[in-house]
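Participant: Handing you this structure, nothing more for now.
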Amino acid sequence: MQPLTSPSLLGVRILTLDATGPEYSRWRRSVRFALETKNRWKYCNGRRPMPMPMPKATPAIAEPNDIQPSLLEERREWMRRDREVKFDIFQSLAEEVMQDVFGVGPPLPPTQYTALQMLQALDNRFSVFEFEGYHHAFCHFLNLQVDQHESLDDFNKEFLTVLEDLHDYGHPMSNVQACSAYFSKLQCTQNPWVAKKVAEWDIQPFEPQLCDLMQAAVLWPCTKSLACNSWRDCFAKPSPEEHIDDGAAPGPTYSDLAPELSDTSTLSSKASHS
């Protein structure tokens, strides 16, 4: 049986009362994406508060009828938009969640809550940390190896999926931590591309982002060889008896990479504990 989806927000599943903390986190993220698509998420994160009167520069001499003519209309418009967002969120909840959290049933959301307050109430109800689930997700992350996958693209997808799982458990990795882990997964002591990126990190004007590194990542042959002791072994010249001419174009050699990688060789050797 397919899970029910929200009639108001495309791609959002109905939140049920038995949802776990990670399941709620995924639901909340899908709600955010759907509302951002409609340019309405700002009503849920406090970036679009209700319009309030502007402070007067000289209140002592302000005239009694000195009001802001547009304020009333702005507040009416804000309330209308906020009510639409509340309705979208409410329609994405199972009826038992409506009753349990807000004490009302369909079809209309509770009048005493704003959209921001509704999400805060749902956060208080469902955002529960579960160590056992987090522990399993984190262990899976630690054991993730690139040579377990058919391609680097497949590995990247799994790597991002596990990062999302850690985020759903309420303990996401920072960008720096994720990048460092990614370098380690690509076997930074063997991969000259990783050694080069590590050496360049501190001289970049902006902090490199994981998504950009993934798009540019290079998987070197030795990364999949457990018998390879260092990245230089990948480019060692074969002995005459090992040479087989299969007509394929020759791969890169260490001499080809030496000028570019000479500055990073020392760093690569120091990173043996990665």
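In the structure tokens, chains take letters A, B, ... by order of appearance, with residues numbered from 1 within each chain and ligands from 1 in the order shown.
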With 8 Å as the cut-off and only C-alpha atoms counted, what is the closest atom pair between each nearby residue of stretch 85-138 of chain A and stretch 155-168 of chain A? Distances in Å to one decimal, ordered by chain and number, as CSV.
Facilitator:
residue,atom,partner,partner_atom,distance
A:Tyr134,CA,A:Leu166,CA,6.7
A:Ala137,CA,A:Leu166,CA,6.7
A:Phe138,CA,A:Leu166,CA,7.0
Participant: Would you save the residues of that selection, restricted to C-alpha atoms, as a compact mmCIF listing (two decimals), in the first residue's frame?
Facilitator:
# COMPACT_ATOMS: atom_id res chain seq x y z
CA TYR A 134 21.76 7.01 14.96
CA ALA A 137 23.49 4.98 10.64
CA PHE A 138 26.86 6.26 11.86
Participant: Fewer than 5 positions away in the same chain doesn't count, so skip those; otherwise give me all residues within 9 Å of A:Glu95, counting only C-alpha atoms, as a list in words.
Facilitator: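 Skipping anything fewer than 5 positions along the chain leaves Thr16, Leu17, Asp100, Val104, Gly105 and Pro106 of chain A.
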Participant: From the set A:Val97, A:Cys44, A:Val12, A:Leu152, which residue has the shortest atom-to-atom contact distance to A:Ala115, counting only C-alpha atoms?
Facilitator: A:Cys44
Participant: To one decimal in Å, tell me the separation between atom CA of A:Pro7 and atom CA of A:Asp88.
Facilitator: 8.3 Å
Participant: Give me, as a PDB file with N, CA and C atoms, in the first residue's frame, all polymer residues having an atom no more than 9 Å from A:Leu186, counting only C-alpha atoms and skipping those fewer than 4 positions away in the same chain.
Facilitator:
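Output below, filename part.pdb:
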ATOM      1  N   GLN A 145      32.695   2.155   1.936  1.00  0.00           N
ATOM      2  CA  GLN A 145      33.924   2.108   1.153  1.00  0.00           C
ATOM      3  C   GLN A 145      33.610   2.288  -0.324  1.00  0.00           C
ATOM      4  N   VAL A 146      34.495   2.998  -1.012  1.00  0.00           N
ATOM      5  CA  VAL A 146      34.252   3.273  -2.420  1.00  0.00           C
ATOM      6  C   VAL A 146      34.336   2.010  -3.263  1.00  0.00           C
ATOM      7  N   ALA A 181      35.879  13.527   5.656  1.00  0.00           N
ATOM      8  CA  ALA A 181      35.481  12.121   5.567  1.00  0.00           C
ATOM      9  C   ALA A 181      35.481  11.649   4.118  1.00  0.00           C
ATOM     10  N   TYR A 182      35.038  12.506   3.213  1.00  0.00           N
ATOM     11  CA  TYR A 182      35.006  12.135   1.794  1.00  0.00           C
ATOM     12  C   TYR A 182      36.414  11.893   1.268  1.00  0.00           C
ATOM     13  N   GLN A 190      46.583   7.500  -0.996  1.00  0.00           N
ATOM     14  CA  GLN A 190      46.864   6.840  -2.264  1.00  0.00           C
ATOM     15  C   GLN A 190      46.411   7.657  -3.467  1.00  0.00           C
ATOM     16  N   ASN A 191      45.529   8.600  -3.256  1.00  0.00           N
ATOM     17  CA  ASN A 191      44.908   9.328  -4.351  1.00  0.00           C
ATOM     18  C   ASN A 191      45.556  10.700  -4.508  1.00  0.00           C
ATOM     19  N   VAL A 194      43.225  13.796  -4.238  1.00  0.00           N
ATOM     20  CA  VAL A 194      42.862  14.166  -2.874  1.00  0.00           C
ATOM     21  C   VAL A 194      44.009  14.918  -2.210  1.00  0.00           C
ATOM     22  N   ALA A 217      35.642  15.130  -8.301  1.00  0.00           N
ATOM     23  CA  ALA A 217      36.450  14.041  -7.748  1.00  0.00           C
ATOM     24  C   ALA A 217      36.973  13.104  -8.828  1.00  0.00           C
ATOM     25  N   VAL A 218      38.165  12.586  -8.578  1.00  0.00           N
ATOM     26  CA  VAL A 218      38.811  11.632  -9.484  1.00  0.00           C
ATOM     27  C   VAL A 218      39.083  10.352  -8.705  1.00  0.00           C
ATOM     28  N   LEU A 219      38.634   9.239  -9.241  1.00  0.00           N
ATOM     29  CA  LEU A 219      38.872   7.941  -8.618  1.00  0.00           C
ATOM     30  C   LEU A 219      40.066   7.289  -9.296  1.00  0.00           C
ATOM     31  N   TRP A 220      41.182   7.186  -8.567  1.00  0.00           N
ATOM     32  CA  TRP A 220      42.403   6.650  -9.150  1.00  0.00           C
ATOM     33  C   TRP A 220      42.418   5.132  -9.063  1.00  0.00           C
ATOM     34  N   THR A 223      42.800   3.147  -5.795  1.00  0.00           N
ATOM     35  CA  THR A 223      41.777   3.261  -4.763  1.00  0.00           C
ATOM     36  C   THR A 223      41.039   1.962  -4.573  1.00  0.00           C
TER      37      THR A 223
END
Participant: So which residues touch A:Met52 within 12 Å, counting only C-alpha atoms, skipping near sequence neighbours fewer than 5 positions away, as a PDB file with N, CA and C atoms, in the first residue's frame?
Facilitator:
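The resulting result-v4.pdb:
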ATOM      1  N   ILE A  67      -0.869  57.779  11.814  1.00  0.00           N
ATOM      2  CA  ILE A  67      -0.795  56.331  11.663  1.00  0.00           C
ATOM      3  C   ILE A  67      -0.218  55.989  10.302  1.00  0.00           C
ATOM      4  N   GLN A  68       0.132  54.718  10.142  1.00  0.00           N
ATOM      5  CA  GLN A  68       0.656  54.244   8.861  1.00  0.00           C
ATOM      6  C   GLN A  68      -0.520  53.714   8.043  1.00  0.00           C
ATOM      7  N   SER A  70      -0.900  52.132   5.310  1.00  0.00           N
ATOM      8  CA  SER A  70      -0.834  50.828   4.655  1.00  0.00           C
ATOM      9  C   SER A  70      -0.695  49.664   5.632  1.00  0.00           C
ATOM     10  N   LEU A  71      -0.488  49.946   6.917  1.00  0.00           N
ATOM     11  CA  LEU A  71      -0.205  48.876   7.871  1.00  0.00           C
ATOM     12  C   LEU A  71      -1.354  47.887   7.988  1.00  0.00           C
ATOM     13  N   LEU A  72      -2.577  48.386   8.070  1.00  0.00           N
ATOM     14  CA  LEU A  72      -3.724  47.497   8.228  1.00  0.00           C
ATOM     15  C   LEU A  72      -3.851  46.556   7.043  1.00  0.00           C
ATOM     16  N   GLU A  73      -3.676  47.087   5.851  1.00  0.00           N
ATOM     17  CA  GLU A  73      -3.770  46.243   4.655  1.00  0.00           C
ATOM     18  C   GLU A  73      -2.618  45.238   4.594  1.00  0.00           C
ATOM     19  N   GLU A  74      -1.427  45.655   5.002  1.00  0.00           N
ATOM     20  CA  GLU A  74      -0.283  44.743   5.019  1.00  0.00           C
ATOM     21  C   GLU A  74      -0.510  43.589   5.994  1.00  0.00           C
ATOM     22  N   ARG A  75      -1.104  43.892   7.127  1.00  0.00           N
ATOM     23  CA  ARG A  75      -1.349  42.840   8.117  1.00  0.00           C
ATOM     24  C   ARG A  75      -2.443  41.881   7.636  1.00  0.00           C
ATOM     25  N   ARG A  76      -3.436  42.418   6.963  1.00  0.00           N
ATOM     26  CA  ARG A  76      -4.468  41.551   6.403  1.00  0.00           C
ATOM     27  C   ARG A  76      -3.876  40.607   5.361  1.00  0.00           C
ATOM     28  N   TRP A  78      -0.738  39.638   5.188  1.00  0.00           N
ATOM     29  CA  TRP A  78       0.115  38.674   5.880  1.00  0.00           C
ATOM     30  C   TRP A  78      -0.712  37.554   6.491  1.00  0.00           C
TER      31      TRP A  78
END
Participant: Any chance you could list, as a PyMOL selection string, the residues in stretch 64-203 of chain A that come up helix (DSSP H, G or I) when DSSP is run on the backbone?
Facilitator: chain A and resi 71-90+95-102+115-126+131-143+146-148+152-168+175-185+192-203
Participant: Hey, which of A:Ala216, A:Leu142, A:Val101, A:Leu108 ends up closest to A:Asn124? Count only C-alpha atoms.
Facilitator: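 Once distances to A:Asn124 are computed over only C-alpha atoms, the minimum belongs to A:Val101.
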